[in-house]
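Trainee: Handing you this structure, nothing more for now.
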Amino acid sequence: MLKILNKFLLNSKNINHSAVYWNALSAAMNSFQTMVLLMVITRLGTMNDSGIFVMAYAVGNLMLNIGKFGVRQFQVTDTGEKYGFGTYLKNRKFSSLLMLVLSALYISYNLIFNSYTYEKAAVIFIICIAKCIEAYEDVYHGLMQQKGRLDVAAKILSLRLFIFIVGCALMFILTKNLLLTVAVNTALTALLAWFFNRFAFAQLHYAINNTGNIKKLFAECFPLCACMCLNMYIANAPKYVIDSVVNSEVQTYFNIVFMPVFVIALMANFVFQPSLKGLGEIFNAGNTLGFIKKIMVLSAAVIGICAVTTVIGAFVGTPFLGYIYNVNLSDYNLLLIIFIISGGIIALQNLFIIAITVVRYQRYMIYGYAVTALLLLLLGKPILINGDIISLTLFFLASMILLLAYCILLLWLAVRKSNKPCR
């Protein structure tokens, strides 16, 4: 059994091609897991089950950014190994614990003030635990990618996600019990993550070295963590506003057409995730022109994905989603198109976050994200109450465009101020 696992994980005929393929597969599974599981729950469960599940993943993905602390991009592009893996590992232990504490506080607040049921609170917290496992695992995958073995990390993630998705779907089909489903499969995913990553770490003969100051690492990565958390809040802002104003049925319909925001943003990761290490090497070698060209090529790929998806979504999006979720979405076609475009813009923002991190200008990103989050927080609910859902989504789209413009401007300023020659 161990020989088979060793051969599967470590023996790649072409490491670079394998990394691209398996990273694309893991990105697809990560993107579509919510969509697939929501389809099963919507068809076989209740609207209440669907609403709980969607909010659990929204909260879990927000907390995931606290657990990761924005370190993956920094770790992979740390080609000079300013910080050793032991330092990154200590950082991740602390941030994972912080993630769980904040998750518990968030859920406790909603139990007291927002009438959360104990079932809803338990499901959300268990999904947060599942995301915490993903966050802790990510620091090992960052090391593998830094050392040129993204293929191994992507294989582990693909296998674990596949088992989690299939396990959740089958258990819900058999039990119709959402709490039991997420509890059992979260326990299983914890066991698999521990075993797969421990095995790969040992086989690759990695060492835990502690170079670098953990306090400095926290200070350097805090702006990234703050921006990623704000980014996740911003991406979910319409969902939070809808949750506080409309009934659960409309919320479920809205969340179904809102799904492309995350599907496109996550799917776009497979385009530029394998390029993380290369971007750092290009820029650190002083090849600023090559760095800019690479960013432009990756941006064009994301725009291409978004354009194709927008055209497909405009013609068959709502009928297709309505069929697989067994609901009537004929009134939501314009919303779907707006959200597909918004997903592409968020994907571009994520790309520029990576680029800004490579040039070590990340501390300035927080201003744009904080202002955007504040605008959505203060104006989102009044716009929905005094207008309609279309007004809210157009305001959301405009906010995304302005934030992307800020990211582009920031990268331009960072490259201009760098001392590296443009060659």
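Chains: A, B, ... in order of the structure tokens. Residues: from 1 per chain. Ligands: from 1, in order shown.
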Compile the contact shell of Ile156 in chain A as a list of chain:residue names: residues with an atom at most 8 Å away, counting only C-alpha atoms, same-chain residues fewer than 2 positions apart removed.
Mentor: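 These residues fall inside the cut-off: A:Leu9, A:Val152, A:Ala153, A:Ala154, A:Ser158, A:Leu159, A:Arg160, A:Ala193, A:Phe196, A:Asn197.
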Trainee: Can you write out the residues you just picked, keeping N, CA, C and O atoms, as an mmCIF file, in the first residue's frame?
Mentor:
```
data_model
loop_
_atom_site.group_PDB
_atom_site.id
_atom_site.type_symbol
_atom_site.label_atom_id
_atom_site.label_comp_id
_atom_site.auth_asym_id
_atom_site.auth_seq_id
_atom_site.Cartn_x
_atom_site.Cartn_y
_atom_site.Cartn_z
ATOM 1 N N LEU A 9 2.514 9.548 -5.525
ATOM 2 C CA LEU A 9 2.834 10.905 -5.109
ATOM 3 C C LEU A 9 4.144 11.430 -5.687
ATOM 4 O O LEU A 9 4.221 12.583 -6.116
ATOM 5 N N VAL A 152 3.507 17.114 -6.078
ATOM 6 C CA VAL A 152 3.197 16.289 -4.908
ATOM 7 C C VAL A 152 2.098 16.939 -4.076
ATOM 8 O O VAL A 152 1.130 16.283 -3.676
ATOM 9 N N ALA A 153 2.232 18.246 -3.824
ATOM 10 C CA ALA A 153 1.220 18.971 -3.050
ATOM 11 C C ALA A 153 -0.148 18.903 -3.726
ATOM 12 O O ALA A 153 -1.171 18.679 -3.074
ATOM 13 N N ALA A 154 -0.168 19.082 -5.044
ATOM 14 C CA ALA A 154 -1.431 19.085 -5.786
ATOM 15 C C ALA A 154 -2.078 17.706 -5.799
ATOM 16 O O ALA A 154 -3.308 17.580 -5.747
ATOM 17 N N SER A 158 -5.722 17.029 -4.281
ATOM 18 C CA SER A 158 -6.744 16.450 -5.170
ATOM 19 C C SER A 158 -7.359 15.199 -4.558
ATOM 20 O O SER A 158 -8.590 15.039 -4.541
ATOM 21 N N LEU A 159 -6.514 14.313 -4.043
ATOM 22 C CA LEU A 159 -6.996 13.055 -3.468
ATOM 23 C C LEU A 159 -7.839 13.310 -2.232
ATOM 24 O O LEU A 159 -8.918 12.723 -2.062
ATOM 25 N N ARG A 160 -7.378 14.216 -1.375
ATOM 26 C CA ARG A 160 -8.115 14.492 -0.138
ATOM 27 C C ARG A 160 -9.463 15.155 -0.430
ATOM 28 O O ARG A 160 -10.487 14.795 0.162
ATOM 29 N N ALA A 193 -5.238 14.080 5.769
ATOM 30 C CA ALA A 193 -4.267 15.174 5.644
ATOM 31 C C ALA A 193 -3.018 14.872 6.468
ATOM 32 O O ALA A 193 -1.890 15.083 6.006
ATOM 33 N N PHE A 196 -1.121 11.693 4.609
ATOM 34 C CA PHE A 196 -0.538 11.977 3.297
ATOM 35 C C PHE A 196 0.643 12.949 3.409
ATOM 36 O O PHE A 196 1.701 12.730 2.812
ATOM 37 N N ASN A 197 0.468 14.031 4.149
ATOM 38 C CA ASN A 197 1.524 15.042 4.225
ATOM 39 C C ASN A 197 2.718 14.567 5.047
ATOM 40 O O ASN A 197 3.862 14.873 4.712
#
```
Trainee: What's around Val263 in chain A at 9 Å? Count only C-alpha atoms, leave out sequence neighbours fewer than 5 positions away in its own chain, and write the answer as a ChimeraX atom specification.
Mentor: /A:28,30-32,34-35,268,340,343
Trainee: Export N, CA and C atoms of the chosen residues as a JSON list (two decimals), in the first residue's frame?
Mentor:
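Contents of out_6.json, freshly written:
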```json
[["chain", "number", "residue", "atom", "x", "y", "z"],
["A", 28, "ALA", "N", -9.92, 22.70, -9.64],
["A", 28, "ALA", "CA", -11.28, 22.40, -10.09],
["A", 28, "ALA", "C", -12.10, 21.80, -8.96],
["A", 30, "ASN", "N", -11.54, 22.12, -5.73],
["A", 30, "ASN", "CA", -11.72, 23.14, -4.71],
["A", 30, "ASN", "C", -12.79, 24.14, -5.13],
["A", 31, "SER", "N", -12.84, 24.44, -6.42],
["A", 31, "SER", "CA", -13.81, 25.39, -6.95],
["A", 31, "SER", "C", -15.22, 24.83, -6.94],
["A", 32, "PHE", "N", -15.35, 23.58, -7.32],
["A", 32, "PHE", "CA", -16.68, 23.00, -7.53],
["A", 32, "PHE", "C", -17.22, 22.21, -6.35],
["A", 34, "THR", "N", -18.23, 23.17, -3.37],
["A", 34, "THR", "CA", -19.43, 23.80, -2.81],
["A", 34, "THR", "C", -20.61, 23.64, -3.76],
["A", 35, "MET", "N", -20.36, 23.81, -5.04],
["A", 35, "MET", "CA", -21.41, 23.70, -6.05],
["A", 35, "MET", "C", -21.99, 22.30, -6.10],
["A", 268, "ALA", "N", -9.29, 30.20, -11.59],
["A", 268, "ALA", "CA", -8.20, 31.00, -12.15],
["A", 268, "ALA", "C", -6.89, 30.72, -11.42],
["A", 340, "ILE", "N", -20.53, 36.58, -12.87],
["A", 340, "ILE", "CA", -19.44, 35.95, -13.62],
["A", 340, "ILE", "C", -18.33, 36.98, -13.88],
["A", 343, "GLY", "N", -16.51, 37.67, -10.71],
["A", 343, "GLY", "CA", -15.58, 36.60, -10.38],
["A", 343, "GLY", "C", -14.27, 36.75, -11.12]]
```
Trainee: Can you work out which one of A:Leu5, A:Ile234, A:Val257, A:Ile214 has the shortest atom-to-atom distance to Phe199 in chain A, counting only C-alpha atoms?
Mentor: A:Leu5
Trainee: Using only C-alpha atoms, which of A:Phe85, A:Phe254, A:Phe396, A:Phe125 sits nearest Ala237 in chain A?
Mentor: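 Closest to Ala237 in chain A, using only C-alpha atoms: A:Phe396.
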Trainee: Contacts of Tyr253 in chain A at 12 Å or less, counting only C-alpha atoms, minus same-chain residues fewer than 3 places along, as a PyMOL selection string?
Mentor: chain A and resi 38-39+42+47+50-51+54+239+242-243+246-250+256-259+318+321-322+325-333+335-336+389
Trainee: Kindly export the residues of the current selection with C-alpha atoms, as a PDB file, in the first residue's frame.
Mentor:
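Once written, selection-v7.pdb looks like this:
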```pdb
ATOM      1  CA  LEU A  38     -25.035  22.266  -2.601  1.00  0.00           C
ATOM      2  CA  MET A  39     -26.657  20.499  -5.559  1.00  0.00           C
ATOM      3  CA  THR A  42     -30.742  21.280  -2.391  1.00  0.00           C
ATOM      4  CA  MET A  47     -34.015  24.986   1.991  1.00  0.00           C
ATOM      5  CA  SER A  50     -29.005  24.641   1.870  1.00  0.00           C
ATOM      6  CA  GLY A  51     -28.924  28.000   3.653  1.00  0.00           C
ATOM      7  CA  VAL A  54     -23.855  28.017   2.101  1.00  0.00           C
ATOM      8  CA  LYS A 239     -24.349  37.370   0.413  1.00  0.00           C
ATOM      9  CA  ILE A 242     -28.957  39.307   1.434  1.00  0.00           C
ATOM     10  CA  ASP A 243     -28.768  37.041   4.509  1.00  0.00           C
ATOM     11  CA  VAL A 246     -34.481  38.492   2.652  1.00  0.00           C
ATOM     12  CA  ASN A 247     -35.977  35.095   3.444  1.00  0.00           C
ATOM     13  CA  SER A 248     -34.098  31.787   3.177  1.00  0.00           C
ATOM     14  CA  GLU A 249     -35.707  30.781  -0.145  1.00  0.00           C
ATOM     15  CA  VAL A 250     -34.578  33.928  -1.973  1.00  0.00           C
ATOM     16  CA  ILE A 256     -26.840  29.570  -6.487  1.00  0.00           C
ATOM     17  CA  VAL A 257     -26.291  32.340  -9.054  1.00  0.00           C
ATOM     18  CA  PHE A 258     -23.604  33.858  -6.801  1.00  0.00           C
ATOM     19  CA  MET A 259     -21.576  30.629  -7.041  1.00  0.00           C
ATOM     20  CA  THR A 318     -29.544  29.944 -15.509  1.00  0.00           C
ATOM     21  CA  LEU A 321     -28.086  25.870 -12.831  1.00  0.00           C
ATOM     22  CA  GLY A 322     -31.861  25.652 -12.488  1.00  0.00           C
ATOM     23  CA  TYR A 325     -30.421  22.497  -8.445  1.00  0.00           C
ATOM     24  CA  ASN A 326     -34.051  21.776  -9.361  1.00  0.00           C
ATOM     25  CA  VAL A 327     -35.155  25.425  -8.989  1.00  0.00           C
ATOM     26  CA  ASN A 328     -36.532  28.117 -11.323  1.00  0.00           C
ATOM     27  CA  LEU A 329     -33.847  30.771 -11.960  1.00  0.00           C
ATOM     28  CA  SER A 330     -35.370  32.433 -15.028  1.00  0.00           C
ATOM     29  CA  ASP A 331     -35.451  35.846 -13.282  1.00  0.00           C
ATOM     30  CA  TYR A 332     -31.770  35.715 -12.332  1.00  0.00           C
ATOM     31  CA  ASN A 333     -29.982  35.741 -15.709  1.00  0.00           C
ATOM     32  CA  LEU A 335     -27.470  38.653 -11.895  1.00  0.00           C
ATOM     33  CA  LEU A 336     -25.559  35.612 -13.111  1.00  0.00           C
ATOM     34  CA  ILE A 389     -30.958  43.073  -5.746  1.00  0.00           C
TER      35      ILE A 389
END
```
Trainee: Of the candidates A:Phe315, A:Tyr83, A:Tyr140, A:Phe395, which shows the shortest atom-to-atom distance to Arg198 in chain A, using only C-alpha atoms?
Mentor: A:Tyr140
Trainee: Write out as number ranges by chain each polymer residue whose atoms come within 12 Å of Ile341 in chain A, counting only C-alpha atoms; drop sequence neighbours fewer than 2 positions from it.
Mentor: A: 258, 260-265, 302-311, 313-314, 334-339, 343-348, 393-394, 396-398, 400-401
Trainee: Generate a file of the selected residues that holds N, CA, C and O atoms, formatted as a compact mmCIF listing (two decimals), in the first residue's frame.
Mentor:
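Written out: selection-v6.txt:
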```
# COMPACT_ATOMS: atom_id res chain seq x y z
N PHE A 258 -24.81 33.21 -7.31
CA PHE A 258 -23.60 33.86 -6.80
C PHE A 258 -22.39 32.94 -6.89
O PHE A 258 -21.25 33.39 -6.85
N PRO A 260 -20.73 31.43 -9.26
CA PRO A 260 -19.63 31.66 -10.21
C PRO A 260 -18.55 32.61 -9.72
O PRO A 260 -17.41 32.55 -10.20
N VAL A 261 -18.88 33.51 -8.77
CA VAL A 261 -17.86 34.42 -8.23
C VAL A 261 -16.69 33.62 -7.70
O VAL A 261 -15.52 33.92 -7.97
N PHE A 262 -16.98 32.56 -6.95
CA PHE A 262 -15.92 31.77 -6.34
C PHE A 262 -15.39 30.70 -7.28
O PHE A 262 -14.20 30.37 -7.25
N VAL A 263 -16.25 30.16 -8.12
CA VAL A 263 -15.80 29.14 -9.06
C VAL A 263 -14.75 29.71 -10.00
O VAL A 263 -13.68 29.12 -10.20
N ILE A 264 -15.03 30.89 -10.55
CA ILE A 264 -14.09 31.51 -11.48
C ILE A 264 -12.82 31.96 -10.75
O ILE A 264 -11.70 31.73 -11.22
N ALA A 265 -12.99 32.58 -9.59
CA ALA A 265 -11.82 33.06 -8.84
C ALA A 265 -10.91 31.91 -8.45
O ALA A 265 -9.68 32.00 -8.55
N VAL A 302 -6.68 34.86 -17.52
CA VAL A 302 -7.83 35.01 -16.63
C VAL A 302 -8.98 35.71 -17.36
O VAL A 302 -10.14 35.30 -17.26
N ILE A 303 -8.67 36.76 -18.11
CA ILE A 303 -9.70 37.48 -18.87
C ILE A 303 -10.35 36.55 -19.90
O ILE A 303 -11.57 36.59 -20.12
N GLY A 304 -9.53 35.71 -20.54
CA GLY A 304 -10.06 34.75 -21.51
C GLY A 304 -11.03 33.77 -20.87
O GLY A 304 -12.11 33.49 -21.42
N ILE A 305 -10.65 33.23 -19.70
CA ILE A 305 -11.54 32.32 -18.97
C ILE A 305 -12.86 33.00 -18.64
O ILE A 305 -13.94 32.44 -18.83
N CYS A 306 -12.76 34.25 -18.16
CA CYS A 306 -13.95 35.00 -17.78
C CYS A 306 -14.84 35.30 -18.99
O CYS A 306 -16.06 35.19 -18.92
N ALA A 307 -14.22 35.67 -20.12
CA ALA A 307 -14.99 36.01 -21.32
C ALA A 307 -15.77 34.81 -21.84
O ALA A 307 -16.97 34.90 -22.16
N VAL A 308 -15.10 33.66 -21.91
CA VAL A 308 -15.76 32.44 -22.39
C VAL A 308 -16.90 32.06 -21.44
O VAL A 308 -18.01 31.71 -21.88
N THR A 309 -16.64 32.14 -20.14
CA THR A 309 -17.66 31.78 -19.16
C THR A 309 -18.85 32.72 -19.21
O THR A 309 -19.99 32.30 -19.05
N THR A 310 -18.58 34.01 -19.46
CA THR A 310 -19.66 34.99 -19.55
C THR A 310 -20.58 34.69 -20.73
O THR A 310 -21.82 34.74 -20.61
N VAL A 311 -20.00 34.38 -21.88
CA VAL A 311 -20.80 34.06 -23.06
C VAL A 311 -21.64 32.81 -22.83
O VAL A 311 -22.84 32.78 -23.12
N GLY A 313 -22.50 31.55 -19.91
CA GLY A 313 -23.47 31.83 -18.86
C GLY A 313 -24.66 32.62 -19.35
O GLY A 313 -25.79 32.41 -18.91
N ALA A 314 -24.43 33.55 -20.29
CA ALA A 314 -25.52 34.37 -20.80
C ALA A 314 -26.57 33.56 -21.54
O ALA A 314 -27.77 33.88 -21.49
N LEU A 334 -29.54 38.15 -15.50
CA LEU A 334 -28.69 39.33 -15.44
C LEU A 334 -27.76 39.27 -14.22
O LEU A 334 -26.57 39.62 -14.31
N LEU A 335 -28.30 38.80 -13.09
CA LEU A 335 -27.47 38.65 -11.90
C LEU A 335 -26.31 37.70 -12.15
O LEU A 335 -25.17 37.96 -11.74
N LEU A 336 -26.59 36.60 -12.83
CA LEU A 336 -25.56 35.61 -13.11
C LEU A 336 -24.44 36.22 -13.95
O LEU A 336 -23.26 36.01 -13.65
N ILE A 337 -24.79 36.98 -14.97
CA ILE A 337 -23.77 37.60 -15.84
C ILE A 337 -22.91 38.58 -15.04
O ILE A 337 -21.68 38.60 -15.16
N ILE A 338 -23.56 39.40 -14.19
CA ILE A 338 -22.81 40.35 -13.36
C ILE A 338 -21.85 39.62 -12.44
O ILE A 338 -20.68 40.02 -12.28
N PHE A 339 -22.29 38.50 -11.88
CA PHE A 339 -21.44 37.77 -10.94
C PHE A 339 -20.30 37.03 -11.64
O PHE A 339 -19.21 36.88 -11.08
N GLY A 343 -16.51 37.67 -10.71
CA GLY A 343 -15.58 36.60 -10.38
C GLY A 343 -14.27 36.75 -11.12
O GLY A 343 -13.19 36.52 -10.56
N GLY A 344 -14.34 37.14 -12.39
CA GLY A 344 -13.12 37.36 -13.17
C GLY A 344 -12.30 38.51 -12.62
O GLY A 344 -11.06 38.44 -12.56
N ILE A 345 -12.98 39.57 -12.19
CA ILE A 345 -12.27 40.73 -11.62
C ILE A 345 -11.59 40.34 -10.31
O ILE A 345 -10.44 40.74 -10.04
N ILE A 346 -12.26 39.55 -9.48
CA ILE A 346 -11.66 39.09 -8.22
C ILE A 346 -10.45 38.20 -8.51
O ILE A 346 -9.44 38.27 -7.80
N ALA A 347 -10.54 37.38 -9.54
CA ALA A 347 -9.40 36.54 -9.92
C ALA A 347 -8.20 37.40 -10.30
O ALA A 347 -7.06 37.11 -9.93
N LEU A 348 -8.46 38.47 -11.04
CA LEU A 348 -7.38 39.40 -11.41
C LEU A 348 -6.80 40.09 -10.17
O LEU A 348 -5.59 40.28 -10.06
N THR A 393 -26.01 44.37 -6.72
CA THR A 393 -24.99 43.67 -7.49
C THR A 393 -24.19 44.62 -8.39
O THR A 393 -22.99 44.43 -8.59
N LEU A 394 -24.85 45.65 -8.93
CA LEU A 394 -24.13 46.64 -9.74
C LEU A 394 -23.17 47.45 -8.87
O LEU A 394 -22.05 47.77 -9.30
N PHE A 396 -21.78 46.28 -6.21
CA PHE A 396 -20.72 45.30 -5.94
C PHE A 396 -19.73 45.26 -7.09
O PHE A 396 -18.51 45.29 -6.89
N LEU A 397 -20.23 45.21 -8.33
CA LEU A 397 -19.37 45.17 -9.51
C LEU A 397 -18.51 46.43 -9.62
O LEU A 397 -17.30 46.35 -9.90
N ALA A 398 -19.11 47.58 -9.38
CA ALA A 398 -18.37 48.84 -9.44
C ALA A 398 -17.26 48.87 -8.40
O ALA A 398 -16.13 49.33 -8.66
N MET A 400 -15.68 46.26 -7.19
CA MET A 400 -14.62 45.35 -7.63
C MET A 400 -13.72 45.99 -8.68
O MET A 400 -12.50 45.82 -8.67
N ILE A 401 -14.32 46.76 -9.60
CA ILE A 401 -13.55 47.42 -10.66
C ILE A 401 -12.61 48.46 -10.06
O ILE A 401 -11.44 48.55 -10.43
```
Trainee: Within 12 Å of Ser96 in chain A, counting only C-alpha atoms, which residues show up once you throw out same-chain ones fewer than 3 positions away? Write them as a list in words, please.
Mentor: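 Counting only C-alpha atoms, the residues come to Met63, Leu64, Asn65, Ile66, Gly67, Lys68, Phe69, Leu89, Lys90, Asn91, Arg92, Lys93, Met99, Leu100, Val101, Leu102, Ser103, Cys128, Ile129, Ala130, Lys131, Cys132, Ile133, Glu134, Ala135, Tyr136, Glu137, Asp138 and Val139 of chain A.
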Trainee: What is the distance between CA of Tyr21 in chain A and CA of Asn350 in chain A, in Å to one decimal?
Mentor: 20.7 Å
Trainee: Within 12 Å of Phe172 in chain A, counting only C-alpha atoms, which residues show up once you throw out same-chain ones fewer than 2 positions away? Write them as a PDB file with N, CA and C atoms, in the first residue's frame, please.
Mentor:
```
ATOM      1  N   LEU A  37     -21.796  19.845  -3.738  1.00  0.00           N
ATOM      2  CA  LEU A  37     -22.455  19.459  -2.493  1.00  0.00           C
ATOM      3  C   LEU A  37     -23.760  20.230  -2.293  1.00  0.00           C
ATOM      4  N   LEU A  38     -23.788  21.503  -2.699  1.00  0.00           N
ATOM      5  CA  LEU A  38     -25.035  22.266  -2.601  1.00  0.00           C
ATOM      6  C   LEU A  38     -26.105  21.664  -3.505  1.00  0.00           C
ATOM      7  N   MET A  39     -25.702  21.152  -4.668  1.00  0.00           N
ATOM      8  CA  MET A  39     -26.657  20.499  -5.559  1.00  0.00           C
ATOM      9  C   MET A  39     -27.300  19.290  -4.873  1.00  0.00           C
ATOM     10  N   VAL A  40     -26.491  18.469  -4.216  1.00  0.00           N
ATOM     11  CA  VAL A  40     -27.003  17.288  -3.518  1.00  0.00           C
ATOM     12  C   VAL A  40     -27.926  17.693  -2.379  1.00  0.00           C
ATOM     13  N   ILE A  41     -27.483  18.692  -1.599  1.00  0.00           N
ATOM     14  CA  ILE A  41     -28.262  19.121  -0.431  1.00  0.00           C
ATOM     15  C   ILE A  41     -29.564  19.786  -0.849  1.00  0.00           C
ATOM     16  N   THR A  42     -29.534  20.598  -1.913  1.00  0.00           N
ATOM     17  CA  THR A  42     -30.742  21.280  -2.391  1.00  0.00           C
ATOM     18  C   THR A  42     -31.772  20.282  -2.910  1.00  0.00           C
ATOM     19  N   ARG A  43     -31.317  19.258  -3.613  1.00  0.00           N
ATOM     20  CA  ARG A  43     -32.228  18.268  -4.190  1.00  0.00           C
ATOM     21  C   ARG A  43     -32.811  17.322  -3.144  1.00  0.00           C
ATOM     22  N   LEU A  44     -32.011  16.958  -2.152  1.00  0.00           N
ATOM     23  CA  LEU A  44     -32.444  15.919  -1.209  1.00  0.00           C
ATOM     24  C   LEU A  44     -32.786  16.447   0.178  1.00  0.00           C
ATOM     25  N   GLY A  45     -32.309  17.643   0.494  1.00  0.00           N
ATOM     26  CA  GLY A  45     -32.571  18.205   1.808  1.00  0.00           C
ATOM     27  C   GLY A  45     -33.610  19.311   1.754  1.00  0.00           C
ATOM     28  N   THR A  46     -33.547  20.196   2.740  1.00  0.00           N
ATOM     29  CA  THR A  46     -34.490  21.311   2.825  1.00  0.00           C
ATOM     30  C   THR A  46     -33.791  22.616   2.452  1.00  0.00           C
ATOM     31  N   ASP A  49     -31.408  23.471   5.146  1.00  0.00           N
ATOM     32  CA  ASP A  49     -30.116  22.783   5.010  1.00  0.00           C
ATOM     33  C   ASP A  49     -29.207  23.526   4.026  1.00  0.00           C
ATOM     34  N   ILE A 165     -15.420  15.215  -0.910  1.00  0.00           N
ATOM     35  CA  ILE A 165     -16.632  15.518  -1.687  1.00  0.00           C
ATOM     36  C   ILE A 165     -17.508  14.283  -1.838  1.00  0.00           C
ATOM     37  N   VAL A 166     -16.898  13.177  -2.246  1.00  0.00           N
ATOM     38  CA  VAL A 166     -17.655  11.937  -2.440  1.00  0.00           C
ATOM     39  C   VAL A 166     -18.232  11.457  -1.110  1.00  0.00           C
ATOM     40  N   GLY A 167     -17.420  11.541  -0.054  1.00  0.00           N
ATOM     41  CA  GLY A 167     -17.881  11.103   1.258  1.00  0.00           C
ATOM     42  C   GLY A 167     -19.075  11.905   1.748  1.00  0.00           C
ATOM     43  N   CYS A 168     -19.008  13.239   1.610  1.00  0.00           N
ATOM     44  CA  CYS A 168     -20.122  14.091   2.029  1.00  0.00           C
ATOM     45  C   CYS A 168     -21.384  13.814   1.214  1.00  0.00           C
ATOM     46  N   ALA A 169     -21.219  13.689  -0.096  1.00  0.00           N
ATOM     47  CA  ALA A 169     -22.374  13.448  -0.967  1.00  0.00           C
ATOM     48  C   ALA A 169     -23.057  12.129  -0.616  1.00  0.00           C
ATOM     49  N   LEU A 170     -22.273  11.061  -0.494  1.00  0.00           N
ATOM     50  CA  LEU A 170     -22.850   9.750  -0.195  1.00  0.00           C
ATOM     51  C   LEU A 170     -23.508   9.723   1.174  1.00  0.00           C
ATOM     52  N   LEU A 174     -27.515   9.141   2.096  1.00  0.00           N
ATOM     53  CA  LEU A 174     -27.951   8.032   2.950  1.00  0.00           C
ATOM     54  C   LEU A 174     -28.653   8.499   4.221  1.00  0.00           C
ATOM     55  N   THR A 175     -28.191   9.608   4.814  1.00  0.00           N
ATOM     56  CA  THR A 175     -28.700  10.008   6.134  1.00  0.00           C
ATOM     57  C   THR A 175     -29.616  11.221   6.121  1.00  0.00           C
ATOM     58  N   LYS A 176     -29.472  12.099   5.101  1.00  0.00           N
ATOM     59  CA  LYS A 176     -30.192  13.387   5.050  1.00  0.00           C
ATOM     60  C   LYS A 176     -29.885  14.245   6.285  1.00  0.00           C
ATOM     61  N   ASN A 177     -28.765  13.960   6.942  1.00  0.00           N
ATOM     62  CA  ASN A 177     -28.392  14.675   8.170  1.00  0.00           C
ATOM     63  C   ASN A 177     -27.125  15.483   7.897  1.00  0.00           C
ATOM     64  N   LEU A 178     -27.274  16.803   7.788  1.00  0.00           N
ATOM     65  CA  LEU A 178     -26.146  17.661   7.415  1.00  0.00           C
ATOM     66  C   LEU A 178     -25.066  17.679   8.492  1.00  0.00           C
ATOM     67  N   LEU A 179     -25.472  17.752   9.745  1.00  0.00           N
ATOM     68  CA  LEU A 179     -24.496  17.815  10.845  1.00  0.00           C
ATOM     69  C   LEU A 179     -23.651  16.547  10.910  1.00  0.00           C
ATOM     70  N   LEU A 180     -24.287  15.397  10.828  1.00  0.00           N
ATOM     71  CA  LEU A 180     -23.555  14.130  10.853  1.00  0.00           C
ATOM     72  C   LEU A 180     -22.636  14.013   9.640  1.00  0.00           C
ATOM     73  N   THR A 181     -23.106  14.462   8.499  1.00  0.00           N
ATOM     74  CA  THR A 181     -22.327  14.374   7.258  1.00  0.00           C
ATOM     75  C   THR A 181     -21.019  15.155   7.364  1.00  0.00           C
ATOM     76  N   VAL A 182     -21.105  16.415   7.790  1.00  0.00           N
ATOM     77  CA  VAL A 182     -19.886  17.229   7.841  1.00  0.00           C
ATOM     78  C   VAL A 182     -18.970  16.789   8.976  1.00  0.00           C
ATOM     79  N   ALA A 183     -19.539  16.291  10.079  1.00  0.00           N
ATOM     80  CA  ALA A 183     -18.719  15.861  11.216  1.00  0.00           C
ATOM     81  C   ALA A 183     -17.870  14.645  10.861  1.00  0.00           C
ATOM     82  N   VAL A 184     -18.485  13.637  10.280  1.00  0.00           N
ATOM     83  CA  VAL A 184     -17.768  12.407   9.941  1.00  0.00           C
ATOM     84  C   VAL A 184     -16.704  12.660   8.892  1.00  0.00           C
ATOM     85  N   ASN A 185     -17.055  13.425   7.867  1.00  0.00           N
ATOM     86  CA  ASN A 185     -16.103  13.642   6.773  1.00  0.00           C
ATOM     87  C   ASN A 185     -14.994  14.622   7.136  1.00  0.00           C
TER      88      ASN A 185
END
```
Trainee: Which residues are near Gly84 in chain A? Cut-off 10 Å, only C-alpha atoms, ignore same chain within fewer than 6 positions. Put them as a ChimeraX atom specification.
Mentor: /A:75,78,143,207-214
Trainee: Just how far from CA of Gly280 in chain A is CA of Lys155 in chain A, in Å to one decimal?
Mentor: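 Those two atoms sit 23.3 Å apart.
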Trainee: Check the smallest atom-to-atom distance from each of A:Val123, A:Leu289, A:Val76, A:Ile15 to Ile354 in chain A using only C-alpha atoms, then report the winner.
Mentor: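 Looking only at the distances to Ile354 in chain A, the closest residue turns out to be A:Val76.
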Trainee: CA of Leu411 in chain A and CA of Phe352 in chain A, how far apart in Å?
Mentor: 7.2 Å
